[in-house]
Each structure stands twice: as C-alpha cells, then as structure tokens.
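input36.pdb (PDB, C-alpha atoms) appears below.
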```
ATOM      1  CA  SER A   1      51.340 -71.878  -7.344
ATOM      2  CA  ILE A   2      49.223 -74.248  -9.432
ATOM      3  CA  MET A   3      46.501 -74.358  -6.786
ATOM      4  CA  ILE A   4      46.576 -70.562  -6.523
ATOM      5  CA  ASN A   5      46.121 -70.396 -10.288
ATOM      6  CA  TYR A   6      43.161 -72.774 -10.151
ATOM      7  CA  VAL A   7      41.582 -70.669  -7.410
ATOM      8  CA  ALA A   8      42.165 -67.474  -9.421
ATOM      9  CA  MET A   9      40.547 -69.042 -12.479
ATOM     10  CA  THR A  10      37.517 -70.112 -10.443
ATOM     11  CA  MET A  11      37.139 -66.642  -8.929
ATOM     12  CA  VAL A  12      37.241 -64.972 -12.335
ATOM     13  CA  VAL A  13      34.872 -67.438 -14.000
ATOM     14  CA  GLY A  14      32.461 -67.085 -11.078
ATOM     15  CA  SER A  15      32.026 -63.432 -11.979
ATOM     16  CA  TYR A  16      30.503 -64.507 -15.303
ATOM     17  CA  GLY A  17      27.531 -66.147 -13.570
ATOM     18  CA  THR A  18      26.191 -69.534 -12.523
ATOM     19  CA  ILE A  19      26.098 -71.129 -15.993
ATOM     20  CA  ALA A  20      29.690 -70.088 -16.681
ATOM     21  CA  ALA A  21      30.825 -71.434 -13.293
ATOM     22  CA  ALA A  22      29.070 -74.748 -13.929
ATOM     23  CA  SER A  23      30.599 -74.951 -17.412
ATOM     24  CA  HIS A  24      34.023 -74.314 -15.934
ATOM     25  CA  GLN A  25      33.457 -77.085 -13.393
ATOM     26  CA  VAL A  26      32.815 -79.559 -16.203
ATOM     27  CA  ALA A  27      35.842 -78.315 -18.153
ATOM     28  CA  ILE A  28      38.197 -78.474 -15.156
ATOM     29  CA  SER A  29      36.983 -81.992 -14.362
ATOM     30  CA  ILE A  30      37.890 -83.087 -17.889
ATOM     31  CA  PHE A  31      41.211 -81.240 -17.629
ATOM     32  CA  MET A  32      42.117 -83.073 -14.429
ATOM     33  CA  ILE A  33      41.491 -86.411 -16.146
ATOM     34  CA  GLY A  34      43.959 -85.577 -18.906
ATOM     35  CA  ASN A  35      46.680 -83.534 -17.264
ATOM     36  CA  LEU A  36      47.756 -86.237 -14.794
ATOM     37  CA  ALA A  37      48.553 -88.721 -17.576
ATOM     38  CA  ALA A  38      52.148 -87.509 -17.932
ATOM     39  CA  GLU A  39      52.906 -87.577 -14.209
ATOM     40  CA  PRO A  40      54.599 -91.036 -14.420
ATOM     41  CA  PHE A  41      57.080 -89.620 -16.955
ATOM     42  CA  SER A  42      57.892 -86.758 -14.606
ATOM     43  CA  GLN A  43      58.417 -89.250 -11.774
ATOM     44  CA  CYS A  44      60.613 -91.320 -14.074
ATOM     45  CA  ALA A  45      62.831 -88.303 -14.776
ATOM     46  CA  GLN A  46      63.079 -87.455 -11.083
ATOM     47  CA  SER A  47      63.840 -91.046 -10.059
ATOM     48  CA  PHE A  48      66.190 -92.273 -12.762
ATOM     49  CA  LEU A  49      67.922 -89.123 -14.027
ATOM     50  CA  ALA A  50      68.624 -87.352 -10.731
ATOM     51  CA  SER A  51      71.859 -89.251 -10.093
ATOM     52  CA  ILE A  52      73.347 -87.700 -13.232
ATOM     53  CA  GLY A  53      71.151 -84.626 -13.686
ATOM     54  CA  SER A  54      72.047 -83.244 -10.261
ATOM     55  CA  LYS A  55      75.810 -83.485 -10.848
ATOM     56  CA  LYS A  56      77.636 -80.187 -11.197
ATOM     57  CA  LYS A  57      80.341 -81.947 -13.213
ATOM     58  CA  ARG A  58      79.584 -84.794 -15.581
ATOM     59  CA  SER A  59      81.675 -87.001 -17.763
ATOM     60  CA  LEU A  60      80.935 -86.768 -21.477
ATOM     61  CA  ASP A  61      79.407 -90.257 -21.437
ATOM     62  CA  GLU A  62      77.116 -89.313 -18.561
ATOM     63  CA  HIS A  63      76.079 -86.179 -20.387
ATOM     64  CA  LYS A  64      75.278 -88.085 -23.588
ATOM     65  CA  TYR A  65      73.228 -90.617 -21.636
ATOM     66  CA  LEU A  66      71.292 -87.825 -19.905
ATOM     67  CA  ILE A  67      70.533 -85.998 -23.157
ATOM     68  CA  GLY A  68      69.413 -89.237 -24.820
ATOM     69  CA  ALA A  69      67.114 -90.091 -21.916
ATOM     70  CA  MET A  70      65.687 -86.562 -21.914
ATOM     71  CA  LYS A  71      64.922 -86.726 -25.635
ATOM     72  CA  LEU A  72      63.127 -90.038 -25.144
ATOM     73  CA  LEU A  73      61.044 -88.665 -22.267
ATOM     74  CA  VAL A  74      60.229 -85.486 -24.199
ATOM     75  CA  ALA A  75      59.047 -87.530 -27.184
ATOM     76  CA  THR A  76      56.937 -89.680 -24.875
ATOM     77  CA  GLY A  77      55.542 -86.614 -23.113
ATOM     78  CA  VAL A  78      54.635 -84.935 -26.400
ATOM     79  CA  ALA A  79      52.919 -88.104 -27.634
ATOM     80  CA  CYS A  80      51.029 -88.347 -24.356
ATOM     81  CA  GLY A  81      50.082 -84.671 -24.583
ATOM     82  CA  VAL A  82      48.730 -85.039 -28.115
ATOM     83  CA  VAL A  83      46.662 -88.109 -27.234
ATOM     84  CA  MET A  84      45.287 -86.689 -23.994
ATOM     85  CA  GLY A  85      44.678 -83.272 -25.554
ATOM     86  CA  LEU A  86      42.604 -84.808 -28.332
ATOM     87  CA  ALA A  87      40.808 -87.073 -25.863
ATOM     88  CA  SER A  88      39.998 -84.137 -23.586
ATOM     89  CA  SER A  89      38.683 -82.084 -26.499
ATOM     90  CA  GLY A  90      36.561 -85.062 -27.477
ATOM     91  CA  LEU A  91      35.100 -85.315 -23.982
ATOM     92  CA  CYS A  92      34.256 -81.604 -24.059
ATOM     93  CA  LEU A  93      32.321 -82.216 -27.274
ATOM     94  CA  ILE A  94      30.156 -84.828 -25.546
ATOM     95  CA  PRO A  95      29.449 -82.999 -22.273
ATOM     96  CA  SER A  96      26.276 -85.055 -21.798
ATOM     97  CA  LEU A  97      28.599 -87.393 -19.912
ATOM     98  CA  PHE A  98      28.902 -84.688 -17.251
ATOM     99  CA  THR A  99      25.765 -82.544 -17.498
ATOM    100  CA  THR A 100      22.188 -82.627 -18.772
ATOM    101  CA  ASN A 101      21.905 -78.831 -19.061
ATOM    102  CA  PRO A 102      22.003 -77.832 -22.763
ATOM    103  CA  LEU A 103      23.383 -74.346 -22.004
ATOM    104  CA  ILE A 104      26.302 -75.791 -20.065
ATOM    105  CA  ALA A 105      26.847 -78.451 -22.725
ATOM    106  CA  GLY A 106      27.045 -75.777 -25.425
ATOM    107  CA  LYS A 107      29.548 -73.655 -23.532
ATOM    108  CA  VAL A 108      31.788 -76.628 -22.723
ATOM    109  CA  GLY A 109      31.702 -77.760 -26.333
ATOM    110  CA  PHE A 110      32.707 -74.273 -27.477
ATOM    111  CA  ALA A 111      35.744 -74.359 -25.167
ATOM    112  CA  ALA A 112      36.817 -77.849 -26.335
ATOM    113  CA  PRO A 113      39.839 -76.767 -28.455
ATOM    114  CA  ILE A 114      41.448 -74.558 -25.809
ATOM    115  CA  VAL A 115      40.797 -77.087 -23.016
ATOM    116  CA  GLY A 116      42.464 -79.797 -25.111
ATOM    117  CA  TRP A 117      45.384 -77.500 -25.904
ATOM    118  CA  ALA A 118      45.839 -76.723 -22.203
ATOM    119  CA  VAL A 119      45.853 -80.445 -21.399
ATOM    120  CA  GLY A 120      48.499 -81.128 -24.033
ATOM    121  CA  LEU A 121      50.707 -78.313 -22.773
ATOM    122  CA  SER A 122      50.332 -79.455 -19.170
ATOM    123  CA  CYS A 123      51.496 -82.978 -20.085
ATOM    124  CA  VAL A 124      54.664 -81.742 -21.784
ATOM    125  CA  ASN A 125      55.272 -79.245 -18.986
ATOM    126  CA  CYS A 126      54.963 -82.046 -16.436
ATOM    127  CA  VAL A 127      57.935 -83.778 -18.046
ATOM    128  CA  SER A 128      59.954 -80.560 -18.044
ATOM    129  CA  ASP A 129      59.194 -80.136 -14.336
ATOM    130  CA  GLY A 130      60.654 -83.593 -13.814
ATOM    131  CA  PHE A 131      63.892 -82.492 -15.500
ATOM    132  CA  ILE A 132      64.112 -79.409 -13.275
ATOM    133  CA  PHE A 133      63.630 -81.497 -10.127
ATOM    134  CA  ALA A 134      66.120 -84.098 -11.385
ATOM    135  CA  SER A 135      68.659 -81.280 -11.706
ATOM    136  CA  HIS A 136      67.965 -80.367  -8.048
ATOM    137  CA  ASP A 137      67.186 -76.834  -9.231
ATOM    138  CA  TYR A 138      64.516 -76.313  -6.587
ATOM    139  CA  LYS A 139      65.250 -72.622  -6.010
ATOM    140  CA  TYR A 140      64.625 -71.806  -9.676
ATOM    141  CA  SER A 141      61.377 -73.775  -9.625
ATOM    142  CA  ALA A 142      60.172 -71.927  -6.522
ATOM    143  CA  ILE A 143      61.077 -68.490  -7.894
ATOM    144  CA  THR A 144      59.347 -69.010 -11.231
ATOM    145  CA  ALA A 145      56.279 -70.428  -9.462
ATOM    146  CA  VAL A 146      55.887 -67.172  -7.542
ATOM    147  CA  VAL A 147      56.681 -64.945 -10.530
ATOM    148  CA  ASN A 148      54.108 -66.693 -12.730
ATOM    149  CA  ILE A 149      51.176 -65.925 -10.411
ATOM    150  CA  PRO A 150      50.883 -62.200 -11.278
ATOM    151  CA  LEU A 151      51.387 -63.060 -14.963
ATOM    152  CA  LEU A 152      48.351 -65.356 -14.905
ATOM    153  CA  LEU A 153      46.307 -62.791 -12.976
ATOM    154  CA  LEU A 154      47.197 -60.190 -15.619
ATOM    155  CA  ILE A 155      46.079 -62.512 -18.427
ATOM    156  CA  LEU A 156      42.821 -63.343 -16.632
ATOM    157  CA  ASN A 157      42.062 -59.683 -15.986
ATOM    158  CA  MET A 158      42.799 -58.761 -19.603
ATOM    159  CA  GLY A 159      40.357 -61.421 -20.799
ATOM    160  CA  LYS A 160      37.699 -60.071 -18.470
ATOM    161  CA  LYS A 161      38.426 -56.445 -19.402
ATOM    162  CA  PHE A 162      37.967 -57.096 -23.106
ATOM    163  CA  GLY A 163      34.852 -59.219 -22.561
ATOM    164  CA  PHE A 164      36.155 -62.470 -24.026
ATOM    165  CA  GLY A 165      33.843 -64.526 -21.804
ATOM    166  CA  TRP A 166      34.361 -67.373 -19.344
ATOM    167  CA  TRP A 167      36.436 -69.463 -21.756
ATOM    168  CA  SER A 168      39.171 -66.798 -21.606
ATOM    169  CA  VAL A 169      40.252 -68.359 -18.296
ATOM    170  CA  TRP A 170      41.298 -71.380 -20.350
ATOM    171  CA  VAL A 171      43.383 -69.139 -22.556
ATOM    172  CA  GLY A 172      44.991 -68.093 -19.287
ATOM    173  CA  MET A 173      45.535 -71.724 -18.325
ATOM    174  CA  ALA A 174      47.177 -72.503 -21.670
ATOM    175  CA  ALA A 175      49.315 -69.357 -21.380
ATOM    176  CA  PHE A 176      50.366 -70.345 -17.857
ATOM    177  CA  TYR A 177      51.620 -73.751 -19.005
ATOM    178  CA  THR A 178      53.281 -72.228 -22.064
ATOM    179  CA  ILE A 179      55.189 -69.779 -19.869
ATOM    180  CA  ARG A 180      56.275 -72.547 -17.496
ATOM    181  CA  LEU A 181      57.351 -74.761 -20.383
ATOM    182  CA  VAL A 182      59.465 -71.987 -21.914
ATOM    183  CA  GLU A 183      61.023 -71.167 -18.537
ATOM    184  CA  ASN A 184      61.835 -74.813 -17.815
ATOM    185  CA  SER A 185      63.197 -75.449 -21.312
ATOM    186  CA  LEU A 186      65.510 -72.440 -21.230
ATOM    187  CA  ARG A 187      66.763 -73.382 -17.771
ATOM    188  CA  ILE A 188      67.396 -77.010 -18.748
ATOM    189  CA  ILE A 189      69.302 -75.933 -21.872
ATOM    190  CA  TYR A 190      71.369 -73.534 -19.777
ATOM    191  CA  LEU A 191      72.202 -76.133 -17.125
ATOM    192  CA  ASN A 192      73.098 -78.804 -19.674
ATOM    193  CA  ASN A 193      75.357 -76.467 -21.628
ATOM    194  CA  LYS A 194      77.002 -75.234 -18.446
ATOM    195  CA  ARG A 195      77.625 -78.726 -17.138
ATOM    196  CA  LEU A 196      78.772 -79.958 -20.539
ATOM    197  CA  SER A 197      81.439 -77.257 -20.557
ATOM    198  CA  LYS A 198      82.618 -78.415 -17.145
ATOM    199  CA  ALA A 199      82.691 -81.996 -18.346
ATOM    200  CA  LYS A 200      84.934 -81.044 -21.259
ATOM    201  CA  LEU A 201      87.279 -79.209 -18.914
ATOM    202  CA  ALA A 202      87.360 -82.027 -16.344
TER     203      ALA A 202
END
```

Please re-express this file's structure in structure tokens.
Amino acid sequence: SIMINYVAMTMVVGSYGTIAAASHQVAISIFMIGNLAAEPFSQCAQSFLASIGSKKKRSLDEHKYLIGAMKLLVATGVACGVVMGLASSGLCLIPSLFTTNPLIAGKVGFAAPIVGWAVGLSCVNCVSDGFIFASHDYKYSAITAVVNIPLLLLILNMGKKFGFGWWSVWVGMAAFYTIRLVENSLRIIYLNNKRLSKAKLA
C-alpha cells in the first residue's frame, strides 16, 4: 500500500507541472533519507518481542516485560522521529544540495515543515508496525493497508480541488502516517488489554 500511495502522490503532483514534479522529487528524496532511520527499531520489535507478543495467553510477568519493552521502543522511536524530522526540514531549507534551480529550491523550502512532520510520523509509525508484526496480527495489517488507500486518494483529491498546490500531497503523506499510527496504536492497546485479561484468568 505504501508504494501505491507514493505512486498516487507522484501522479497528483505531476498534474501541477514540471517544476512541481521536480520539487516533489527533491522532497521525496529527502523523505526517504529520514524515514528509514527507525527501521532498526521496528526490526528489533519483530525479532525480540514476537515470542511474547504473539502469545494469545501471557503470564503477568511476560506482559509487564512486553509493555516495558514497548515503552522503551516507543520513546526511542519518538526521539528518532524528532531528530530525523528536524534534520529533514533542515535539508529542505538548503535544497542547493539537491538542485541548482531557484524555483525548485523555493518550493522545497516552503514545504520543509510538512516534509519534516511526515518524516517524524513515519519513524514513529515504523515502530508501531513492528509491534503489529510482533503480535502476528498480519490480517489486521493487510486490511488496514487496503482501507487506507482510498482515504489517501480522497485527501489528495481534496487538496487538488481546493487548489492548495503541490505541497498538499505532503499533507496527504502526513495524514496517511497519522491514520496508520492511530490504527496501529488502537489495535495494540486492544490486543494487550485482551491478552492481559487472559493472563489474569490463567
């Protein structure tokens, strides 16, 4: 679904013209530098928490360990997101590293805050994805991935309809990661509460 979203963003921004498409290319390049920074934390959750996270019934000690580890990874993911978000915004403000065209440089600089915000959200969301996979809740992940596609398309089309300009696709990107983060967080809370209840009854 992520690749479909990237393609949808590129299609929409292409309709704004060559300069907008080139500006988006610079912005997405910067985004890809920052959003992969939290991937090791997601892998950590999938590798080291799956043995407990995937259990349908947990002991109270196992549950406490899992919650403690999750809190630590969330804190690390948030810290990573803040640092990489600020760094990405900073790179957008010095687009001469990526382009010599002053029009493109100006447009990328204008989009710096929302690009940085999207990077930060993607880092935290990456950690939450790791929790979902550690819980072996693959069906939920697949369903929400499909459901989120029309939501992003709606946001992108609304931005275009109201003439917000090419940077509105980055509002769509930030909204996409916000939606995924909320979905993952609610699901993780539900699973942990459900499995905690079973642990108390065991």

Quiz item: Between A:Val83, A:Val26, A:Ala134, A:Ile179, which has the minimum distance to A:Leu152 (counting all atoms listed in the file)?
Solution: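 Of the candidates, the smallest distance to A:Leu152 is held by A:Ile179.
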
Quiz item: In Å, with one decimal, what is the gap from atom CA of A:Phe110 to atom CA of A:Gly165?
Solution: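 A separation of 11.3 Å between them.
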
Using only C-alpha atoms, determine which residues lie at most 10 Å from A:Leu151, disregarding the query and same-chain residues fewer than 5 positions distant; provide the list as a PDB file with C-alpha atoms, in the frame of the given file.
```
ATOM      1  CA  VAL A 146      55.887 -67.172  -7.542  1.00  0.00           C
ATOM      2  CA  LEU A 156      42.821 -63.343 -16.632  1.00  0.00           C
ATOM      3  CA  ASN A 157      42.062 -59.683 -15.986  1.00  0.00           C
ATOM      4  CA  GLY A 172      44.991 -68.093 -19.287  1.00  0.00           C
ATOM      5  CA  ALA A 175      49.315 -69.357 -21.380  1.00  0.00           C
ATOM      6  CA  PHE A 176      50.366 -70.345 -17.857  1.00  0.00           C
ATOM      7  CA  ILE A 179      55.189 -69.779 -19.869  1.00  0.00           C
TER       8      ILE A 179
END
```

Quiz item: Which residues match the PyMOL selection byres ((chain A and resi 27) around 12) in the file above, as a PyMOL selection string?
Solution: chain A and resi 9-10+13+20-26+28-34+88-95+97-99+104-116+118-119+166-167+169-170+173

Practice problem: Could you list the residues chosen by the PyMOL selection byres ((chain A and resi 49) around 9) in this structure as a list in words? | Solution: Cys44, Ala45, Gln46, Ser47, Phe48, Ala50, Ser51, Ile52, Gly53, Ser54, Leu66, Ala69, Met70, Phe131, Ala134 and Ser135 of chain A

Quiz item: Quick one: residues within 12 Å of A:Cys123, all atoms listed in the file counted, chain neighbours fewer than 6 positions away excluded, as an MDAnalysis selection string?
Solution: chainID A and resid 31:42 73:85 116:117 129:130 174 177:178 180:181

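Taking atom CA of A:Gly68 and atom CA of A:Val124 as endpoints, the distance between them is 16.8 Å.
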
Practice problem: For atom CA of A:Ile188 and atom CA of A:Ile132, quote the distance in Å rounded to one decimal. | Solution: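 Interatomic distance, atom CA of A:Ile188 to atom CA of A:Ile132: 6.8 Å.
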
Exercise. Using only C-alpha atoms, find the one residue out of A:Tyr138, A:Val171, A:Gly163, A:Asn101 that sits nearest to A:Leu121.
Key: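 Going through A:Tyr138, A:Val171, A:Gly163, A:Asn101 one by one, the smallest distance to A:Leu121 is for A:Val171.
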
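Remark: for A:Lys139, the closest of the candidate residues A:Lys160, A:Gly17, A:Arg187, A:Lys56 is A:Arg187 (distances computed over all atoms listed in the file).
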
Exercise. With a distance cut-off of 9 Å and only C-alpha atoms, select the neighbouring residues of A:Ile149, excluding the residue or stretch itself and same-chain residues fewer than 5 positions from it, and output the selection as a list in words.
Key: Ser1, Ile2, Ile4, Asn5, Thr144, Leu154 and Phe176 of chain A

Could you take the residues named above and write them with C-alpha atoms, as a PDB file, in the frame of the given file?
```
ATOM      1  CA  SER A   1      51.340 -71.878  -7.344  1.00  0.00           C
ATOM      2  CA  ILE A   2      49.223 -74.248  -9.432  1.00  0.00           C
ATOM      3  CA  ILE A   4      46.576 -70.562  -6.523  1.00  0.00           C
ATOM      4  CA  ASN A   5      46.121 -70.396 -10.288  1.00  0.00           C
ATOM      5  CA  THR A 144      59.347 -69.010 -11.231  1.00  0.00           C
ATOM      6  CA  LEU A 154      47.197 -60.190 -15.619  1.00  0.00           C
ATOM      7  CA  PHE A 176      50.366 -70.345 -17.857  1.00  0.00           C
TER       8      PHE A 176
END
```

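Shortest atom-to-atom contact with A:Leu196 among A:Leu60, A:Ile155, A:Leu72, A:Cys126: A:Leu60, counting all atoms listed in the file.
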